[in-house]
Amino acid sequence: MPLPSSVEDWDARETAPSPERNKQPILEVLARVLPPRGLVLEIGSGTGQHVAHFARALPGLVFQPSEIDLARHASIKAWAATEGLSNVRPPLAIDVTEHPWPVSAADAVVCINVIHISPWEATLALMAGAGRILPAGGVLVTYGPYRRGGAHTSPSNEAFDAGLRARNPLWGVRDIDAVADVACREGLLLHEIVPMPANNFTLVWQKSRPGPA
C-alpha cells in the first residue's frame, strides 16, 4: 500500500464509531448492487471512512464524495490520501436541496445515515436529484434506521427517533413506504430491502424510467 502523503494526512483523519461498525456490512451490499465500472456519487460522506473503505475494495469504480459541512473535507481527503486511493475524487459541498447538483451524471448514488438527520425536504431533494442524474437501471443506495408500515422496528429505534426529534423537530426516522412513494414519483423503484445490524436497513432503489421534468 502506498505511504501516506504526509503526517498531516494522518492527523486530519476523523474516526467516528458508527462508520467503523457498519462500513463492512454496507460494503457487502454495495459489492452486489453497484456496477463494476463507473462513477459513484456519495451524498453526505461525513468523516470519509465509508468512501475510503468502499473505494479500496471496489477499485474499478471512481467515487465522488460530497459533504455539506466543509469542516469535514480535510478528513475525507486525508482518508483517501493515507489509503493511497487514486479512485476517490476531492470532496464537493453538495446541498441536495440546491439544483442543479455539481455532478450532472453518475452511475450510482450512495447516501448513508442522512435521511433521518435532515428535514423531509432533503429526502424529497435526494430522490429528485438521484432521479435526474442516474441512467436507466442505475441504483441509489440508502442506509439507516427506518419505520415499516408506520411502526418502529425496535424499542431502541423508537427511543432514537424521539431523541432526534428533541434535537430538531424536522428530523426523525422515516417510514419506508413514505420514502418509496416519493422515490417512485422520480422514477426510482424500491428494488431491495436488506436488514442490517443494529436495526438498520440498506435500501436499494433502481431507476426505472425518466423522472418528471
# chains A, B, ... in the order shown; residues from 1 in each chain; ligands from 1
>>> residues_around(residues="segment 26-33 of chain A", least_positions_apart="5", cutoff="8 Å", atoms="only C-alpha atoms", output="ChimeraX atom specification")
/A:53-54,58,139,141,143,202,204
>>> write_last_selection(atoms="N, CA and C atoms", output="short mmCIF file (atom, residue, chain, number, x, y, z; two decimals), in the first residue's frame")
data_model
loop_
_atom_site.label_atom_id
_atom_site.label_comp_id
_atom_site.auth_asym_id
_atom_site.auth_seq_id
_atom_site.Cartn_x
_atom_site.Cartn_y
_atom_site.Cartn_z
N HIS A 53 -13.18 3.06 2.56
CA HIS A 53 -13.36 1.62 2.66
C HIS A 53 -13.94 1.05 1.37
N PHE A 54 -14.93 1.72 0.83
CA PHE A 54 -15.56 1.23 -0.40
C PHE A 54 -14.61 1.32 -1.59
N LEU A 58 -13.39 -1.67 -4.04
CA LEU A 58 -14.01 -1.67 -5.37
C LEU A 58 -13.19 -0.77 -6.30
N VAL A 139 -28.57 2.70 -9.73
CA VAL A 139 -29.08 2.48 -8.38
C VAL A 139 -28.72 3.62 -7.44
N VAL A 141 -28.48 3.84 -3.31
CA VAL A 141 -28.42 3.01 -2.11
C VAL A 141 -28.48 3.93 -0.89
N TYR A 143 -28.97 4.06 3.48
CA TYR A 143 -28.77 3.24 4.68
C TYR A 143 -29.17 4.04 5.90
N THR A 202 -30.49 -1.35 4.65
CA THR A 202 -29.97 -0.80 3.41
C THR A 202 -31.07 -0.95 2.36
N VAL A 204 -32.16 -0.44 -1.60
CA VAL A 204 -31.61 -0.33 -2.96
C VAL A 204 -32.74 0.13 -3.87
#
>>> select_by_dssp(residues="segment 1-200 of chain A", states="helix (DSSP H, G or I)", output="compact mmCIF listing (two decimals) with N, CA and C atoms, in the first residue's frame")
# COMPACT_ATOMS: atom_id res chain seq x y z
N VAL A 7 2.45 13.50 7.26
CA VAL A 7 1.98 13.27 8.62
C VAL A 7 0.65 13.98 8.84
N GLU A 8 0.49 15.15 8.18
CA GLU A 8 -0.75 15.91 8.34
C GLU A 8 -1.96 15.11 7.88
N ASP A 9 -1.78 14.26 6.86
CA ASP A 9 -2.90 13.44 6.39
C ASP A 9 -3.39 12.52 7.50
N TRP A 10 -2.45 11.90 8.21
CA TRP A 10 -2.85 11.04 9.32
C TRP A 10 -3.60 11.85 10.37
N ASP A 11 -3.07 13.02 10.70
CA ASP A 11 -3.65 13.82 11.78
C ASP A 11 -5.03 14.36 11.42
N ALA A 12 -5.30 14.58 10.14
CA ALA A 12 -6.58 15.17 9.73
C ALA A 12 -7.70 14.15 9.70
N PRO A 17 -17.40 6.15 15.48
CA PRO A 17 -17.64 4.73 15.74
C PRO A 17 -18.67 4.10 14.80
N SER A 18 -19.71 4.84 14.42
CA SER A 18 -20.75 4.24 13.57
C SER A 18 -20.22 3.77 12.23
N PRO A 19 -19.45 4.58 11.48
CA PRO A 19 -18.90 4.08 10.22
C PRO A 19 -17.99 2.88 10.39
N GLU A 20 -17.24 2.83 11.48
CA GLU A 20 -16.38 1.68 11.70
C GLU A 20 -17.19 0.40 11.87
N ARG A 21 -18.36 0.53 12.52
CA ARG A 21 -19.21 -0.64 12.74
C ARG A 21 -19.92 -1.09 11.46
N ASN A 22 -20.39 -0.13 10.67
CA ASN A 22 -21.29 -0.52 9.58
C ASN A 22 -20.64 -0.54 8.19
N LYS A 23 -19.39 -0.10 8.06
CA LYS A 23 -18.82 0.03 6.72
C LYS A 23 -18.70 -1.31 6.01
N GLN A 24 -18.37 -2.37 6.73
CA GLN A 24 -18.22 -3.66 6.06
C GLN A 24 -19.57 -4.27 5.68
N PRO A 25 -20.58 -4.27 6.56
CA PRO A 25 -21.89 -4.77 6.13
C PRO A 25 -22.47 -3.99 4.95
N ILE A 26 -22.27 -2.68 4.93
CA ILE A 26 -22.76 -1.90 3.78
C ILE A 26 -21.98 -2.26 2.53
N LEU A 27 -20.67 -2.41 2.66
CA LEU A 27 -19.85 -2.79 1.50
C LEU A 27 -20.32 -4.09 0.89
N GLU A 28 -20.71 -5.04 1.71
CA GLU A 28 -21.15 -6.33 1.19
C GLU A 28 -22.39 -6.18 0.30
N VAL A 29 -23.25 -5.22 0.62
CA VAL A 29 -24.40 -4.94 -0.25
C VAL A 29 -23.94 -4.21 -1.51
N LEU A 30 -23.09 -3.20 -1.33
CA LEU A 30 -22.63 -2.43 -2.48
C LEU A 30 -21.91 -3.31 -3.50
N ALA A 31 -21.13 -4.24 -3.02
CA ALA A 31 -20.38 -5.11 -3.94
C ALA A 31 -21.33 -5.92 -4.83
N ARG A 32 -22.54 -6.16 -4.35
CA ARG A 32 -23.53 -6.89 -5.15
C ARG A 32 -24.28 -6.00 -6.13
N VAL A 33 -24.59 -4.76 -5.71
CA VAL A 33 -25.56 -3.97 -6.47
C VAL A 33 -24.94 -2.86 -7.31
N GLN A 49 -14.64 7.87 6.20
CA GLN A 49 -14.32 6.47 6.47
C GLN A 49 -15.01 5.53 5.48
N HIS A 50 -16.28 5.81 5.20
CA HIS A 50 -17.02 4.94 4.28
C HIS A 50 -16.39 4.94 2.89
N VAL A 51 -16.22 6.13 2.33
CA VAL A 51 -15.78 6.18 0.94
C VAL A 51 -14.40 5.56 0.77
N ALA A 52 -13.53 5.72 1.76
CA ALA A 52 -12.21 5.10 1.68
C ALA A 52 -12.32 3.57 1.70
N HIS A 53 -13.18 3.06 2.56
CA HIS A 53 -13.36 1.62 2.66
C HIS A 53 -13.94 1.05 1.37
N PHE A 54 -14.93 1.72 0.83
CA PHE A 54 -15.56 1.23 -0.40
C PHE A 54 -14.61 1.32 -1.59
N ALA A 55 -13.91 2.44 -1.70
CA ALA A 55 -13.02 2.63 -2.86
C ALA A 55 -11.87 1.65 -2.84
N ARG A 56 -11.36 1.32 -1.69
CA ARG A 56 -10.27 0.34 -1.60
C ARG A 56 -10.75 -1.04 -2.05
N ALA A 57 -11.97 -1.40 -1.69
CA ALA A 57 -12.49 -2.72 -2.01
C ALA A 57 -13.03 -2.83 -3.43
N LEU A 70 -18.15 21.81 5.36
CA LEU A 70 -16.80 22.00 4.82
C LEU A 70 -15.71 21.58 5.81
N ALA A 71 -16.01 21.62 7.10
CA ALA A 71 -15.02 21.24 8.10
C ALA A 71 -14.63 19.77 8.00
N ARG A 72 -15.46 18.95 7.37
CA ARG A 72 -15.17 17.53 7.23
C ARG A 72 -14.33 17.21 5.99
N HIS A 73 -14.15 18.17 5.10
CA HIS A 73 -13.46 17.88 3.85
C HIS A 73 -12.01 17.46 4.07
N ALA A 74 -11.36 18.05 5.05
CA ALA A 74 -9.96 17.68 5.32
C ALA A 74 -9.86 16.21 5.71
N SER A 75 -10.83 15.73 6.49
CA SER A 75 -10.81 14.34 6.91
C SER A 75 -11.07 13.41 5.72
N ILE A 76 -12.02 13.78 4.85
CA ILE A 76 -12.30 12.96 3.66
C ILE A 76 -11.05 12.84 2.79
N LYS A 77 -10.40 13.98 2.56
CA LYS A 77 -9.18 13.97 1.74
C LYS A 77 -8.09 13.14 2.41
N ALA A 78 -7.98 13.25 3.73
CA ALA A 78 -6.92 12.55 4.45
C ALA A 78 -7.13 11.04 4.41
N TRP A 79 -8.38 10.58 4.52
CA TRP A 79 -8.62 9.14 4.43
C TRP A 79 -8.21 8.60 3.07
N ALA A 80 -8.56 9.33 2.01
CA ALA A 80 -8.17 8.88 0.67
C ALA A 80 -6.66 8.90 0.49
N ALA A 81 -6.01 9.93 1.03
CA ALA A 81 -4.55 10.06 0.88
C ALA A 81 -3.80 8.98 1.65
N THR A 82 -4.21 8.72 2.89
CA THR A 82 -3.49 7.73 3.69
C THR A 82 -3.71 6.32 3.17
N ILE A 115 -30.92 10.53 5.75
CA ILE A 115 -32.36 10.78 5.65
C ILE A 115 -32.98 11.10 7.01
N HIS A 116 -32.53 10.45 8.07
CA HIS A 116 -33.15 10.68 9.39
C HIS A 116 -32.58 11.88 10.12
N ILE A 117 -31.44 12.39 9.69
CA ILE A 117 -30.87 13.57 10.37
C ILE A 117 -30.87 14.77 9.44
N TRP A 120 -37.38 16.57 6.02
CA TRP A 120 -38.03 15.77 4.99
C TRP A 120 -37.77 16.34 3.61
N GLU A 121 -37.63 17.66 3.50
CA GLU A 121 -37.33 18.28 2.22
C GLU A 121 -36.04 17.76 1.62
N ALA A 122 -35.10 17.35 2.46
CA ALA A 122 -33.85 16.79 1.95
C ALA A 122 -34.08 15.43 1.29
N THR A 123 -34.98 14.64 1.84
CA THR A 123 -35.31 13.36 1.21
C THR A 123 -35.98 13.58 -0.14
N LEU A 124 -36.90 14.55 -0.20
CA LEU A 124 -37.54 14.88 -1.47
C LEU A 124 -36.48 15.29 -2.50
N ALA A 125 -35.53 16.12 -2.06
CA ALA A 125 -34.50 16.61 -2.98
C ALA A 125 -33.53 15.50 -3.37
N LEU A 126 -33.21 14.61 -2.44
CA LEU A 126 -32.32 13.49 -2.74
C LEU A 126 -32.92 12.62 -3.84
N MET A 127 -34.19 12.29 -3.70
CA MET A 127 -34.83 11.44 -4.71
C MET A 127 -34.94 12.16 -6.05
N ALA A 128 -35.27 13.44 -6.02
CA ALA A 128 -35.36 14.20 -7.26
C ALA A 128 -34.01 14.29 -7.95
N GLY A 129 -32.97 14.57 -7.18
CA GLY A 129 -31.63 14.69 -7.75
C GLY A 129 -31.12 13.38 -8.30
N ALA A 130 -31.30 12.30 -7.53
CA ALA A 130 -30.86 10.99 -7.99
C ALA A 130 -31.63 10.58 -9.25
N GLY A 131 -32.92 10.89 -9.27
CA GLY A 131 -33.71 10.58 -10.45
C GLY A 131 -33.22 11.30 -11.69
N ARG A 132 -32.66 12.49 -11.49
CA ARG A 132 -32.17 13.26 -12.63
C ARG A 132 -30.83 12.74 -13.15
N ILE A 133 -29.93 12.37 -12.25
CA ILE A 133 -28.56 12.09 -12.69
C ILE A 133 -28.29 10.62 -12.98
N PRO A 155 -37.62 -1.10 20.03
CA PRO A 155 -37.70 -0.05 21.05
C PRO A 155 -36.53 0.93 20.98
N SER A 156 -35.35 0.42 20.63
CA SER A 156 -34.19 1.32 20.56
C SER A 156 -34.35 2.34 19.43
N ASN A 157 -34.94 1.92 18.31
CA ASN A 157 -35.18 2.87 17.23
C ASN A 157 -36.24 3.90 17.61
N GLU A 158 -37.23 3.46 18.36
CA GLU A 158 -38.26 4.41 18.83
C GLU A 158 -37.64 5.46 19.73
N ALA A 159 -36.75 5.03 20.64
CA ALA A 159 -36.07 5.98 21.52
C ALA A 159 -35.14 6.88 20.73
N PHE A 160 -34.47 6.32 19.74
CA PHE A 160 -33.58 7.11 18.89
C PHE A 160 -34.36 8.17 18.14
N ASP A 161 -35.52 7.80 17.62
CA ASP A 161 -36.37 8.74 16.90
C ASP A 161 -36.80 9.89 17.82
N ALA A 162 -37.20 9.56 19.04
CA ALA A 162 -37.60 10.61 19.99
C ALA A 162 -36.44 11.55 20.28
N GLY A 163 -35.24 10.98 20.39
CA GLY A 163 -34.07 11.82 20.64
C GLY A 163 -33.76 12.74 19.48
N LEU A 164 -33.90 12.22 18.25
CA LEU A 164 -33.67 13.05 17.07
C LEU A 164 -34.64 14.22 17.04
N ARG A 165 -35.93 13.94 17.27
CA ARG A 165 -36.95 14.98 17.20
C ARG A 165 -36.81 16.00 18.32
N ALA A 166 -36.26 15.56 19.45
CA ALA A 166 -35.99 16.51 20.54
C ALA A 166 -34.87 17.47 20.16
N ARG A 167 -33.88 16.96 19.41
CA ARG A 167 -32.78 17.82 18.96
C ARG A 167 -33.24 18.76 17.86
N ILE A 176 -40.46 3.62 5.48
CA ILE A 176 -40.03 3.15 4.16
C ILE A 176 -41.10 3.41 3.12
N ASP A 177 -42.36 3.19 3.46
CA ASP A 177 -43.43 3.39 2.48
C ASP A 177 -43.51 4.85 2.04
N ALA A 178 -43.32 5.78 2.97
CA ALA A 178 -43.38 7.20 2.62
C ALA A 178 -42.22 7.58 1.71
N VAL A 179 -41.04 7.05 2.00
CA VAL A 179 -39.88 7.33 1.15
C VAL A 179 -40.08 6.71 -0.23
N ALA A 180 -40.65 5.51 -0.26
CA ALA A 180 -40.87 4.83 -1.53
C ALA A 180 -41.87 5.59 -2.41
N ASP A 181 -42.87 6.20 -1.79
CA ASP A 181 -43.83 7.00 -2.56
C ASP A 181 -43.14 8.17 -3.24
N VAL A 182 -42.27 8.84 -2.51
CA VAL A 182 -41.52 9.96 -3.07
C VAL A 182 -40.60 9.49 -4.18
N ALA A 183 -39.88 8.40 -3.92
CA ALA A 183 -38.93 7.89 -4.90
C ALA A 183 -39.62 7.49 -6.20
N CYS A 184 -40.78 6.87 -6.08
CA CYS A 184 -41.49 6.40 -7.26
C CYS A 184 -41.85 7.54 -8.19
N ARG A 185 -42.18 8.69 -7.61
CA ARG A 185 -42.52 9.86 -8.44
C ARG A 185 -41.32 10.35 -9.24
N PRO A 197 -27.27 -4.90 10.70
CA PRO A 197 -27.09 -4.91 12.15
C PRO A 197 -27.65 -3.65 12.82
N ALA A 198 -27.94 -3.77 14.10
CA ALA A 198 -28.40 -2.65 14.93
C ALA A 198 -29.71 -2.04 14.43
N ASN A 199 -30.60 -2.89 13.88
CA ASN A 199 -31.94 -2.47 13.47
C ASN A 199 -31.93 -1.40 12.38
>>> closest_residue(among="A:Glu42, A:Ala93, A:Ile193, A:Ala106", to="Gly137 of chain A", atoms="only C-alpha atoms")
A:Ala106
>>> closest_residue(among="A:Asn113, A:Arg148, A:Glu14, A:Phe201", to="Ile43 of chain A", atoms="only C-alpha atoms")
A:Asn113
>>> residues_around(residues="Trp205 of chain A", least_positions_apart="4", cutoff="8 Å", atoms="only C-alpha atoms", output="list in words")
Val139, Leu140, Val141, Leu188, Leu189, Leu190, His191 and Glu192 of chain A
>>> atom_distance(atom1="atom CA of Val88 of chain A", atom2="atom CA of Ser118 of chain A")
25.2 Å
>>> select_by_dssp(residues="segment 98-127 of chain A", states="strand (DSSP E or B)", output="list in words")
Ala108, Val109, Val110, Cys111 and Ile112 of chain A
>>> atom_distance(atom1="atom CA of Gly144 of chain A", atom2="atom CA of Val114 of chain A")
7.6 Å
>>> atom_distance(atom1="atom CA of Gly84 of chain A", atom2="atom CA of Pro36 of chain A")
20.4 Å
>>> closest_residue(among="A:Leu41, A:Val96, A:Leu85, A:Val103", to="Ile68 of chain A", atoms="only C-alpha atoms")
A:Val96
>>> closest_residue(among="A:Ala16, A:Val40, A:Leu170, A:Cys111", to="Gly138 of chain A", atoms="only C-alpha atoms")
A:Val40
>>> closest_residue(among="A:Val173, A:Ile112, A:Leu61, A:Asp95", to="Thr142 of chain A", atoms="only C-alpha atoms")
A:Ile112
>>> decode(residues="segment 29-43 of chain A", atoms="all heavy atoms", output="short mmCIF file (atom, residue, chain, number, x, y, z; two decimals), in the first residue's frame")
data_model
loop_
_atom_site.label_atom_id
_atom_site.label_comp_id
_atom_site.auth_asym_id
_atom_site.auth_seq_id
_atom_site.Cartn_x
_atom_site.Cartn_y
_atom_site.Cartn_z
N VAL A 29 -23.25 -5.22 0.62
CA VAL A 29 -24.40 -4.94 -0.25
C VAL A 29 -23.94 -4.21 -1.51
O VAL A 29 -24.32 -4.56 -2.63
CB VAL A 29 -25.47 -4.12 0.49
CG1 VAL A 29 -26.64 -3.81 -0.45
CG2 VAL A 29 -25.96 -4.85 1.72
N LEU A 30 -23.09 -3.20 -1.33
CA LEU A 30 -22.63 -2.43 -2.48
C LEU A 30 -21.91 -3.31 -3.50
O LEU A 30 -22.06 -3.12 -4.71
CB LEU A 30 -21.70 -1.30 -2.02
CG LEU A 30 -22.32 -0.22 -1.14
CD1 LEU A 30 -21.27 0.85 -0.83
CD2 LEU A 30 -23.54 0.41 -1.78
N ALA A 31 -21.13 -4.24 -3.02
CA ALA A 31 -20.38 -5.11 -3.94
C ALA A 31 -21.33 -5.92 -4.83
O ALA A 31 -20.96 -6.31 -5.94
CB ALA A 31 -19.47 -6.05 -3.15
N ARG A 32 -22.54 -6.16 -4.35
CA ARG A 32 -23.53 -6.89 -5.15
C ARG A 32 -24.28 -6.00 -6.13
O ARG A 32 -24.61 -6.44 -7.23
CB ARG A 32 -24.57 -7.54 -4.23
CG ARG A 32 -24.12 -8.71 -3.44
CD ARG A 32 -25.32 -9.48 -2.87
NE ARG A 32 -26.13 -8.72 -1.93
CZ ARG A 32 -27.31 -8.18 -2.21
NH1 ARG A 32 -27.84 -8.27 -3.43
NH2 ARG A 32 -28.00 -7.54 -1.27
N VAL A 33 -24.59 -4.76 -5.71
CA VAL A 33 -25.56 -3.97 -6.47
C VAL A 33 -24.94 -2.86 -7.31
O VAL A 33 -25.59 -2.35 -8.24
CB VAL A 33 -26.65 -3.37 -5.54
CG1 VAL A 33 -27.33 -4.47 -4.75
CG2 VAL A 33 -26.07 -2.31 -4.61
N LEU A 34 -23.71 -2.44 -7.01
CA LEU A 34 -23.09 -1.39 -7.81
C LEU A 34 -22.56 -1.97 -9.11
O LEU A 34 -22.20 -3.14 -9.18
CB LEU A 34 -21.94 -0.73 -7.04
CG LEU A 34 -22.31 0.08 -5.79
CD1 LEU A 34 -21.05 0.73 -5.22
CD2 LEU A 34 -23.37 1.12 -6.07
N PRO A 35 -22.48 -1.14 -10.16
CA PRO A 35 -21.89 -1.62 -11.41
C PRO A 35 -20.39 -1.86 -11.23
O PRO A 35 -19.77 -1.31 -10.32
CB PRO A 35 -22.16 -0.47 -12.38
CG PRO A 35 -22.24 0.74 -11.52
CD PRO A 35 -22.89 0.28 -10.24
N PRO A 36 -19.79 -2.68 -12.08
CA PRO A 36 -18.35 -2.95 -11.94
C PRO A 36 -17.48 -1.76 -12.30
O PRO A 36 -16.34 -1.65 -11.83
CB PRO A 36 -18.10 -4.12 -12.89
CG PRO A 36 -19.20 -4.03 -13.90
CD PRO A 36 -20.39 -3.50 -13.16
N ARG A 37 -18.00 -0.85 -13.13
CA ARG A 37 -17.25 0.33 -13.56
C ARG A 37 -18.18 1.53 -13.50
O ARG A 37 -19.40 1.40 -13.57
CB ARG A 37 -16.73 0.17 -14.99
CG ARG A 37 -15.77 -0.98 -15.21
CD ARG A 37 -14.40 -0.67 -14.64
NE ARG A 37 -13.44 -1.72 -14.95
CZ ARG A 37 -13.26 -2.81 -14.22
NH1 ARG A 37 -14.02 -3.00 -13.14
NH2 ARG A 37 -12.36 -3.71 -14.55
N GLY A 38 -17.58 2.72 -13.40
CA GLY A 38 -18.38 3.93 -13.46
C GLY A 38 -18.13 4.85 -12.28
O GLY A 38 -17.22 4.64 -11.47
N LEU A 39 -18.96 5.89 -12.18
CA LEU A 39 -18.84 6.92 -11.16
C LEU A 39 -19.92 6.73 -10.10
O LEU A 39 -21.10 6.61 -10.42
CB LEU A 39 -18.98 8.31 -11.78
CG LEU A 39 -18.96 9.49 -10.80
CD1 LEU A 39 -17.58 9.63 -10.14
CD2 LEU A 39 -19.35 10.78 -11.51
N VAL A 40 -19.50 6.71 -8.84
CA VAL A 40 -20.42 6.61 -7.71
C VAL A 40 -20.36 7.91 -6.93
O VAL A 40 -19.29 8.30 -6.44
CB VAL A 40 -20.05 5.42 -6.80
CG1 VAL A 40 -21.02 5.35 -5.61
CG2 VAL A 40 -20.06 4.12 -7.58
N LEU A 41 -21.50 8.59 -6.82
CA LEU A 41 -21.60 9.81 -6.03
C LEU A 41 -22.07 9.45 -4.64
O LEU A 41 -23.11 8.81 -4.47
CB LEU A 41 -22.59 10.78 -6.69
CG LEU A 41 -22.98 12.01 -5.86
CD1 LEU A 41 -21.78 12.91 -5.59
CD2 LEU A 41 -24.10 12.78 -6.56
N GLU A 42 -21.31 9.85 -3.62
CA GLU A 42 -21.74 9.67 -2.24
C GLU A 42 -22.26 11.00 -1.71
O GLU A 42 -21.55 12.01 -1.74
CB GLU A 42 -20.61 9.16 -1.34
CG GLU A 42 -21.11 8.89 0.08
CD GLU A 42 -20.03 8.44 1.05
OE1 GLU A 42 -18.85 8.82 0.86
OE2 GLU A 42 -20.38 7.73 1.99
N ILE A 43 -23.49 10.99 -1.22
CA ILE A 43 -24.10 12.16 -0.59
C ILE A 43 -23.94 12.04 0.92
O ILE A 43 -24.37 11.06 1.52
CB ILE A 43 -25.59 12.27 -0.95
CG1 ILE A 43 -25.79 12.43 -2.46
CG2 ILE A 43 -26.25 13.40 -0.19
CD1 ILE A 43 -25.29 13.73 -3.02
#
